[in-house]
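Visitor: The structure's right below; bear with me while I get my questions together.
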There are 2 protein chains.
Amino acid sequence: MINDSEAPVTPVEAFEPPYYVAVFTTVRTQEQSGYRETNARMEDLVKDIPGYLGIDHAQTPGGLGITVGYFRDGEALAQWRGNAEHRAAQQRGRDEWYESYTLHVAKVERSHGFRRA
Amino acid sequence: MINDSEAPVTPVEAFEPPYYVAVFTTVRTQEQSGYRETNARMEDLVKDIPGYLGIDHAQTPGGLGITVGYFRDGEALAQWRGNAEHRAAQQRGRDEWYESYTLHVAKVERSHGFRRA
């Protein structure tokens with residue numbers, strides 16, 4: 001699991017553009033049975049996609065969740081989008097786990113990072 | 001303040017592409033004096049930028065923060081990037097508040113949303 005609170009946290013780095021971000025913003029329902037397991041499984045699965053670069057996740061308790069997936073190109077995104085197990089998880093998300101969500105898929109034009117010395 | 005835990009939360013909607021996302025991922029230091037006030041001020045300021053569409057924010061307690069700003073075009077982004085008060089806040093962020101951060105600026109190619117009936 002990412003963002004396990006015991007693990008040190010660092011944001012995914014700035015890659016050389018162009019690359020893609022998939023920004024997934026969510027509000028969850030009260031019905032979260034199976035969510036954690038499925039989420040962990042998705043985080044494992046996506047790592048096998050050629051061109052997968054990383055994932056960031058933040059969750060305000062009782063509020064908004066944001067997951068950002070980073071991919072090298074449209075091919076990588078298409079492969080993840082078409083993954084059968086991922087599609088089943090998305091359907092279950094709409095049926096049970098999400099009150100609302102938005103997905104924005106975007107091509108990165110510039111990026112930079114900062115790390116304290 | 002956005003994501004005040006008493007307020008109902010909904011993700012920013014899916015706009016008609018193209019538009020821009022500025023994805024800002026952060027890990028904060030122990031030194032957070034003045035952060036909340038400055039953050040609230042920035043959220044007010046950015047609303048005055050023509051072409052500003054919205055902002056999403058999520059914060060894992062003790063972990064990663066993700067802020068996503070939505071802008072209609074590059075002109076809006078440039079205006080926000082050049083804002084003097086914003087630049088001063090960024091400098092203070094590097095000096096005091098941020099252990100590390102990454103900024104990814106990207107042009108949205110597709111988007112969609114879901115709201116529970």
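Following the order of the structure tokens, first chain is A, next is B, and so on, with residues numbered from 1 inside each chain and ligands from 1 in the order they appear.
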Please provide the set of residues having any atom within 10 Å of Thr38 (chain B), restricted to only C-alpha atoms, with same-chain residues fewer than 3 positions apart removed, written as a ChimeraX atom specification.
Guide: /B:33-35,41-44,85-86,89,92-93
Visitor: Specify as a PyMOL selection string all residues of chain B found within 8 Å of chain A, counting only C-alpha atoms.
Guide: chain B and resi 3+5+9-14+20-21+25-27+56-66+94+98-116
Visitor: Can you give chain A as a PDB file with C-alpha atoms, in the first residue's frame after you superpose it on chain B, pairing all C-alpha atoms in order for the least-squares fit?
Guide:
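File superposed-v9.pdb, as written:
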ATOM      1  CA  MET A   1     -10.801  27.346   3.139  1.00  0.00           C
ATOM      2  CA  ILE A   2     -11.493  24.382   0.943  1.00  0.00           C
ATOM      3  CA  ASN A   3     -11.933  20.975   2.512  1.00  0.00           C
ATOM      4  CA  ASP A   4     -13.040  22.423   5.760  1.00  0.00           C
ATOM      5  CA  SER A   5     -14.273  19.167   7.241  1.00  0.00           C
ATOM      6  CA  GLU A   6     -17.717  20.613   8.041  1.00  0.00           C
ATOM      7  CA  ALA A   7     -18.355  21.545   4.408  1.00  0.00           C
ATOM      8  CA  PRO A   8     -19.792  19.030   1.952  1.00  0.00           C
ATOM      9  CA  VAL A   9     -17.081  17.927  -0.445  1.00  0.00           C
ATOM     10  CA  THR A  10     -17.415  17.353  -4.157  1.00  0.00           C
ATOM     11  CA  PRO A  11     -14.605  16.990  -6.658  1.00  0.00           C
ATOM     12  CA  VAL A  12     -14.200  19.705  -9.295  1.00  0.00           C
ATOM     13  CA  GLU A  13     -16.207  18.630 -12.331  1.00  0.00           C
ATOM     14  CA  ALA A  14     -14.985  17.438 -15.728  1.00  0.00           C
ATOM     15  CA  PHE A  15     -14.804  20.438 -18.068  1.00  0.00           C
ATOM     16  CA  GLU A  16     -14.818  20.351 -21.854  1.00  0.00           C
ATOM     17  CA  PRO A  17     -11.198  19.791 -23.000  1.00  0.00           C
ATOM     18  CA  PRO A  18      -8.821  21.346 -23.636  1.00  0.00           C
ATOM     19  CA  TYR A  19      -8.051  22.878 -20.260  1.00  0.00           C
ATOM     20  CA  TYR A  20      -5.077  22.714 -17.912  1.00  0.00           C
ATOM     21  CA  VAL A  21      -4.320  21.020 -14.618  1.00  0.00           C
ATOM     22  CA  ALA A  22      -1.497  22.085 -12.314  1.00  0.00           C
ATOM     23  CA  VAL A  23      -0.769  19.094 -10.052  1.00  0.00           C
ATOM     24  CA  PHE A  24       1.186  20.120  -6.949  1.00  0.00           C
ATOM     25  CA  THR A  25       2.283  17.273  -4.658  1.00  0.00           C
ATOM     26  CA  THR A  26       3.889  18.158  -1.337  1.00  0.00           C
ATOM     27  CA  VAL A  27       5.456  16.848   1.835  1.00  0.00           C
ATOM     28  CA  ARG A  28       5.553  19.469   4.557  1.00  0.00           C
ATOM     29  CA  THR A  29       8.137  20.217   7.225  1.00  0.00           C
ATOM     30  CA  GLN A  30       7.483  20.581  10.945  1.00  0.00           C
ATOM     31  CA  GLU A  31       7.618  24.379  10.494  1.00  0.00           C
ATOM     32  CA  GLN A  32       4.098  25.363   9.492  1.00  0.00           C
ATOM     33  CA  SER A  33       3.837  28.816  11.050  1.00  0.00           C
ATOM     34  CA  GLY A  34       1.828  31.050   8.693  1.00  0.00           C
ATOM     35  CA  TYR A  35       1.041  28.222   6.274  1.00  0.00           C
ATOM     36  CA  ARG A  36      -2.721  28.093   6.766  1.00  0.00           C
ATOM     37  CA  GLU A  37      -3.191  31.830   6.430  1.00  0.00           C
ATOM     38  CA  THR A  38      -1.057  32.010   3.304  1.00  0.00           C
ATOM     39  CA  ASN A  39      -2.812  29.005   1.792  1.00  0.00           C
ATOM     40  CA  ALA A  40      -6.221  30.598   2.396  1.00  0.00           C
ATOM     41  CA  ARG A  41      -4.988  33.861   0.886  1.00  0.00           C
ATOM     42  CA  MET A  42      -3.715  32.022  -2.219  1.00  0.00           C
ATOM     43  CA  GLU A  43      -7.066  30.266  -2.625  1.00  0.00           C
ATOM     44  CA  ASP A  44      -8.752  33.663  -2.598  1.00  0.00           C
ATOM     45  CA  LEU A  45      -6.248  35.255  -4.974  1.00  0.00           C
ATOM     46  CA  VAL A  46      -6.343  32.520  -7.596  1.00  0.00           C
ATOM     47  CA  LYS A  47     -10.116  32.919  -7.928  1.00  0.00           C
ATOM     48  CA  ASP A  48      -9.513  36.371  -9.463  1.00  0.00           C
ATOM     49  CA  ILE A  49      -7.468  34.958 -12.345  1.00  0.00           C
ATOM     50  CA  PRO A  50      -9.517  35.032 -15.586  1.00  0.00           C
ATOM     51  CA  GLY A  51      -9.745  31.418 -16.754  1.00  0.00           C
ATOM     52  CA  TYR A  52      -9.457  29.929 -13.256  1.00  0.00           C
ATOM     53  CA  LEU A  53     -11.828  26.942 -13.137  1.00  0.00           C
ATOM     54  CA  GLY A  54     -11.411  25.424  -9.693  1.00  0.00           C
ATOM     55  CA  ILE A  55      -9.179  23.694  -7.176  1.00  0.00           C
ATOM     56  CA  ASP A  56      -9.126  20.285  -5.473  1.00  0.00           C
ATOM     57  CA  HIS A  57      -7.092  19.501  -2.393  1.00  0.00           C
ATOM     58  CA  ALA A  58      -6.470  16.357  -0.361  1.00  0.00           C
ATOM     59  CA  GLN A  59      -4.104  15.879   2.565  1.00  0.00           C
ATOM     60  CA  THR A  60      -3.129  12.592   4.155  1.00  0.00           C
ATOM     61  CA  PRO A  61      -2.445  13.395   7.827  1.00  0.00           C
ATOM     62  CA  GLY A  62       1.333  13.308   8.304  1.00  0.00           C
ATOM     63  CA  GLY A  63       1.755  12.313   4.675  1.00  0.00           C
ATOM     64  CA  LEU A  64       1.332  13.560   1.153  1.00  0.00           C
ATOM     65  CA  GLY A  65      -0.700  16.601   0.145  1.00  0.00           C
ATOM     66  CA  ILE A  66      -2.023  17.018  -3.390  1.00  0.00           C
ATOM     67  CA  THR A  67      -3.481  20.231  -4.772  1.00  0.00           C
ATOM     68  CA  VAL A  68      -4.862  20.320  -8.303  1.00  0.00           C
ATOM     69  CA  GLY A  69      -5.631  23.690  -9.885  1.00  0.00           C
ATOM     70  CA  TYR A  70      -7.802  23.815 -13.015  1.00  0.00           C
ATOM     71  CA  PHE A  71      -7.331  26.573 -15.620  1.00  0.00           C
ATOM     72  CA  ARG A  72      -8.929  27.236 -18.988  1.00  0.00           C
ATOM     73  CA  ASP A  73      -5.716  28.020 -20.867  1.00  0.00           C
ATOM     74  CA  GLY A  74      -2.014  28.766 -20.735  1.00  0.00           C
ATOM     75  CA  GLU A  75      -2.707  32.471 -20.360  1.00  0.00           C
ATOM     76  CA  ALA A  76      -4.522  31.882 -17.070  1.00  0.00           C
ATOM     77  CA  LEU A  77      -1.652  29.700 -15.836  1.00  0.00           C
ATOM     78  CA  ALA A  78       0.929  32.299 -16.829  1.00  0.00           C
ATOM     79  CA  GLN A  79      -0.948  35.013 -14.999  1.00  0.00           C
ATOM     80  CA  TRP A  80      -1.119  32.931 -11.824  1.00  0.00           C
ATOM     81  CA  ARG A  81       2.530  31.924 -12.139  1.00  0.00           C
ATOM     82  CA  GLY A  82       3.548  35.578 -12.462  1.00  0.00           C
ATOM     83  CA  ASN A  83       1.466  36.895  -9.549  1.00  0.00           C
ATOM     84  CA  ALA A  84       3.857  38.658  -7.160  1.00  0.00           C
ATOM     85  CA  GLU A  85       2.117  37.586  -3.965  1.00  0.00           C
ATOM     86  CA  HIS A  86       1.998  33.992  -5.231  1.00  0.00           C
ATOM     87  CA  ARG A  87       5.724  34.095  -5.999  1.00  0.00           C
ATOM     88  CA  ALA A  88       6.501  35.358  -2.509  1.00  0.00           C
ATOM     89  CA  ALA A  89       4.404  32.529  -1.045  1.00  0.00           C
ATOM     90  CA  GLN A  90       6.286  29.977  -3.169  1.00  0.00           C
ATOM     91  CA  GLN A  91       9.597  31.300  -1.894  1.00  0.00           C
ATOM     92  CA  ARG A  92       8.426  31.093   1.707  1.00  0.00           C
ATOM     93  CA  GLY A  93       7.253  27.541   0.983  1.00  0.00           C
ATOM     94  CA  ARG A  94      10.748  26.539  -0.121  1.00  0.00           C
ATOM     95  CA  ASP A  95      12.326  28.332   2.840  1.00  0.00           C
ATOM     96  CA  GLU A  96      10.023  26.976   5.534  1.00  0.00           C
ATOM     97  CA  TRP A  97       7.018  24.807   4.756  1.00  0.00           C
ATOM     98  CA  TYR A  98       7.992  22.157   2.207  1.00  0.00           C
ATOM     99  CA  GLU A  99      10.290  19.216   2.673  1.00  0.00           C
ATOM    100  CA  SER A 100       9.747  18.370  -0.987  1.00  0.00           C
ATOM    101  CA  TYR A 101       7.287  19.065  -3.764  1.00  0.00           C
ATOM    102  CA  THR A 102       6.684  18.366  -7.429  1.00  0.00           C
ATOM    103  CA  LEU A 103       4.669  20.426  -9.916  1.00  0.00           C
ATOM    104  CA  HIS A 104       3.273  18.891 -13.108  1.00  0.00           C
ATOM    105  CA  VAL A 105       1.503  21.239 -15.550  1.00  0.00           C
ATOM    106  CA  ALA A 106      -0.555  19.366 -18.114  1.00  0.00           C
ATOM    107  CA  LYS A 107      -3.139  19.920 -20.843  1.00  0.00           C
ATOM    108  CA  VAL A 108      -6.291  17.842 -20.384  1.00  0.00           C
ATOM    109  CA  GLU A 109      -7.214  15.728 -23.387  1.00  0.00           C
ATOM    110  CA  ARG A 110     -10.209  13.896 -21.948  1.00  0.00           C
ATOM    111  CA  SER A 111     -12.227  13.851 -18.768  1.00  0.00           C
ATOM    112  CA  HIS A 112     -15.383  12.463 -17.307  1.00  0.00           C
ATOM    113  CA  GLY A 113     -17.266  12.418 -14.071  1.00  0.00           C
ATOM    114  CA  PHE A 114     -19.614  10.259 -12.049  1.00  0.00           C
ATOM    115  CA  ARG A 115     -22.234  11.296  -9.516  1.00  0.00           C
ATOM    116  CA  ARG A 116     -24.298   8.755  -7.610  1.00  0.00           C
ATOM    117  CA  ALA A 117     -27.973   9.012  -8.520  1.00  0.00           C
TER     118      ALA A 117
END
